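Undergrad: Submitted below is the structure of interest, expressed as structure tokens.
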Amino acid sequence: MVKRYDRLKAIQRLDPERDFLEIYRLTVTYEFPWDITRALELALYRTYAVPSIGRLLDETAELTERSQKRYDDTALLLDTVVEHGFDTDEGRTAVRRINQMHRSYAISNDDMRYVLCTFVVTPKRWLDSFGWRRLCCHERAAFAAYYRTLGARMGITGVPETYDDFERTLDAYEHEHFGWDEGARRVSDATLALMGSWYPAPLAPVVRGASLALLDDSLLEAFRYRRPGPVARGVTRGALRLRARAVRLLPPRRTPHYARQNPEIKGYPDGYEIAGLGTFPTPGVRGCPVPGRRPSQTPAE
């Protein structure tokens, strides 16, 4: 019988540089599957507040007109690498699809590196506040190594080395680049509407209010949302902390839970092919406003 902290002890016996995939998989599929899903949603949402990112997402219309599909495809492609690893046919196909989509747009290396940083930093910060425990130093190091590897496969240069480097890079980039953009606000509104659509219609305003209550002031200011009151913030965050206490008392998971099993994934009831996920932009057609590979970057996958 696995006890609540047994997997943490197993993680601490592993080498985070050599065994980063095993540590990452144990952490996200056994220890914190629900929390990591919420944290990665928030990570991607943060990127909209960088105008160059939010504006491009608005221009593609993927998140404003095909929100559920974009959500599903992003989660499934990232999840494929977690489940199968980088050096399998499935993992290579997923990374290749991610690269094919990104090469269709003029995305700067700095923006790509920033998005990668959100995947490392946001889960740690979420778990600091709402997890049933915090990440240990082995897990933080493994998260950094995992996303260094993904960044290399995506041809991103200047990827930070350690967790602290990822955190400093993220904070500096947000301080310099967060700002208002009308298109980014449309993408933000569409994302909040998508999250509300996962619940019965009467609950949609509640979900939107709770989502806004979780945003920090820098995000609220960038999107020009009214700051939620202390009661809304207190109730929302208090409920998440109560959940964490309850989870701590539950028996640990006995089987892994992958993102493809999440109820929010709704677009593929009959299954999917990894190579068919995502978009296939055509230059000159809406959805591919800026064709061409980013210069000086030639990913292997």
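Ordered as shown in the structure tokens, chains take letters A, B, and onward, while each chain numbers its residues from 1 and ligands are numbered from 1 in the order shown.
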List as a PyMOL selection string the protein and nucleic acid residues near range 214-228 of chain A, meaning an atom at most 7 Å away when only C-alpha atoms are counted, but skip any in the same chain fewer than 4 places from it.
TA: chain A and resi 49+178-180+185+210+232-233
Undergrad: Residues of the last selection are to be written out with C-alpha atoms, as a compact mmCIF listing (two decimals), in the first residue's frame.
TA:
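Once written, result.txt looks like this:
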# COMPACT_ATOMS: atom_id res chain seq x y z
CA ALA A 49 -0.67 39.72 -21.46
CA PHE A 178 3.08 43.12 -19.91
CA GLY A 179 0.66 45.65 -21.34
CA TRP A 180 -2.71 46.36 -22.91
CA ARG A 185 -8.26 41.14 -24.31
CA ALA A 210 -13.50 32.78 -9.59
CA ALA A 232 -14.35 37.09 -3.94
CA ARG A 233 -10.63 36.56 -3.65
Undergrad: Could you pull out all residues of range 155-246 of chain A with a DSSP call of alpha helix (DSSP H) and give them as JSON, numbers by chain?
TA: {"A": [163, 164, 165, 166, 167, 168, 169, 170, 171, 172, 173, 174, 175, 176, 177, 182, 183, 184, 185, 186, 187, 188, 189, 190, 191, 192, 193, 194, 195, 196, 197, 204, 205, 206, 207, 208, 209, 210, 211, 212, 213, 217, 218, 219, 220, 221, 222, 223, 230, 231, 232, 233, 234, 235, 236, 237, 238, 239, 240, 241, 242, 243, 244, 245, 246]}
Undergrad: Taking only C-alpha atoms into account, which of A:Asp128, A:Glu59, A:Asp181, A:Glu273 comes nearest Thr80 in chain A?
TA: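 For Thr80 in chain A, the nearest of the given residues is A:Glu273.
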Undergrad: Which residues of range 183-224 of chain A come within 12 Å of range 249-269 of chain A, and what is each one's closest atom pair and distance in Å (one decimal), counting only C-alpha atoms, sorted by chain and residue number, as CSV?
TA:
residue,atom,partner,partner_atom,distance
A:Leu194,CA,A:Glu264,CA,9.7
A:Met195,CA,A:Glu264,CA,8.5
A:Gly196,CA,A:Glu264,CA,10.8
A:Ser197,CA,A:Glu264,CA,9.6
A:Trp198,CA,A:Glu264,CA,6.6
A:Tyr199,CA,A:Glu264,CA,9.7
Undergrad: Take the residues just selected and output them with N, CA, C and O atoms as a CSV table (one decimal), in the first residue's frame.
TA:
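For reference, part_26.csv as written:
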chain,number,residue,atom,x,y,z
A,194,LEU,N,-14.7,30.0,-22.4
A,194,LEU,CA,-14.5,28.6,-22.6
A,194,LEU,C,-14.5,27.8,-21.3
A,194,LEU,O,-15.2,26.8,-21.2
A,195,MET,N,-13.8,28.3,-20.3
A,195,MET,CA,-13.8,27.7,-19.0
A,195,MET,C,-15.2,27.7,-18.4
A,195,MET,O,-15.6,26.7,-17.8
A,196,GLY,N,-16.0,28.7,-18.6
A,196,GLY,CA,-17.3,28.7,-18.1
A,196,GLY,C,-18.2,27.7,-18.8
A,196,GLY,O,-19.1,27.2,-18.2
A,197,SER,N,-17.9,27.4,-20.1
A,197,SER,CA,-18.7,26.5,-20.9
A,197,SER,C,-18.6,25.1,-20.4
A,197,SER,O,-19.4,24.2,-20.8
A,198,TRP,N,-17.6,24.8,-19.6
A,198,TRP,CA,-17.4,23.4,-19.1
A,198,TRP,C,-18.4,23.0,-18.0
A,198,TRP,O,-18.5,21.9,-17.5
A,199,TYR,N,-19.2,24.0,-17.5
A,199,TYR,CA,-20.1,23.8,-16.4
A,199,TYR,C,-21.5,24.2,-16.8
A,199,TYR,O,-21.7,24.8,-17.8
Undergrad: Counting only C-alpha atoms, which of A:Leu277, A:Ala193, A:Leu21, A:Ala39 gets nearest to Ile98 in chain A?
TA: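 Ranked by minimum distance to Ile98 in chain A, first place goes to A:Leu277.
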Undergrad: For Arg18 in chain A, which of A:Thr74, A:Thr64, A:Thr149, A:Gln100 is the closest residue, counting only C-alpha atoms?
TA: A:Thr149
Undergrad: If I take CA of Tyr71 in chain A and CA of Tyr114 in chain A, how far is one from the other in Å, to one decimal?
TA: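 Between CA of Tyr71 in chain A and CA of Tyr114 in chain A the gap works out to 19.3 Å.
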Undergrad: I need the residue nearest Tyr163 in chain A from this list: A:Thr118, A:Thr88, A:Ser211, A:Ser129. Use only C-alpha atoms for the distance.
TA: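 When distances to Tyr163 in chain A are compared using only C-alpha atoms, the smallest one comes from A:Thr118.
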Undergrad: Tell me, as a list of chain:residue names, which residues lie within 10 Å of Phe143 in chain A, counting only C-alpha atoms; anything in the same chain fewer than 2 positions away does not count.
TA: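 With the cut-off at 10 Å, the set is A:Pro16, A:Glu17, A:Phe20, A:Leu21, A:Ile23, A:Tyr24, A:Arg25, A:Thr27, A:Phe119, A:Val120, A:Val121, A:Pro123, A:Lys124, A:Leu135, A:Cys137, A:His138, A:Glu139, A:Arg140, A:Ala141, A:Ala145, A:Tyr146, A:Tyr147, A:Arg148, A:Thr149, A:Thr162, A:Tyr163.
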Undergrad: Smallest atom-to-atom distance to Asp110 in chain A: which of A:His177, A:Arg237, A:Arg153, A:Lys3, using only C-alpha atoms?
TA: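 Answer, going by the shortest atom-to-atom distance: A:His177.
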Undergrad: Hey, what's within 12 Å of Arg133 in chain A if we count only C-alpha atoms and toss same-chain stuff fewer than 2 positions away? As a list in words, please?
TA: Arg4, Tyr5, Leu8, Thr27, Glu31, Phe32, Asp35, Lys124, Arg125, Trp126, Leu127, Asp128, Ser129, Phe130, Gly131, Leu135, Cys136, Glu139, Arg241, Arg243, Ala244, Arg245, Ala246, Val247, Arg248 and Leu249 of chain A
Undergrad: One decimal, in Å: what's the spacing between CA of Asp58 in chain A and CA of Arg96 in chain A?
TA: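 Computing it gives 23.5 Å between the two atoms.
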Undergrad: Restricting the calculation to only C-alpha atoms: of A:Gly229, A:Gly151, A:Gly91, A:Gly183, which residue gets closest to Leu56 in chain A?
TA: A:Gly183
Undergrad: What is the distance between CA of Tyr45 in chain A and CA of Ala275 in chain A, in Å to one decimal?
TA: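 Going from CA of Tyr45 in chain A over to CA of Ala275 in chain A covers 25.0 Å.
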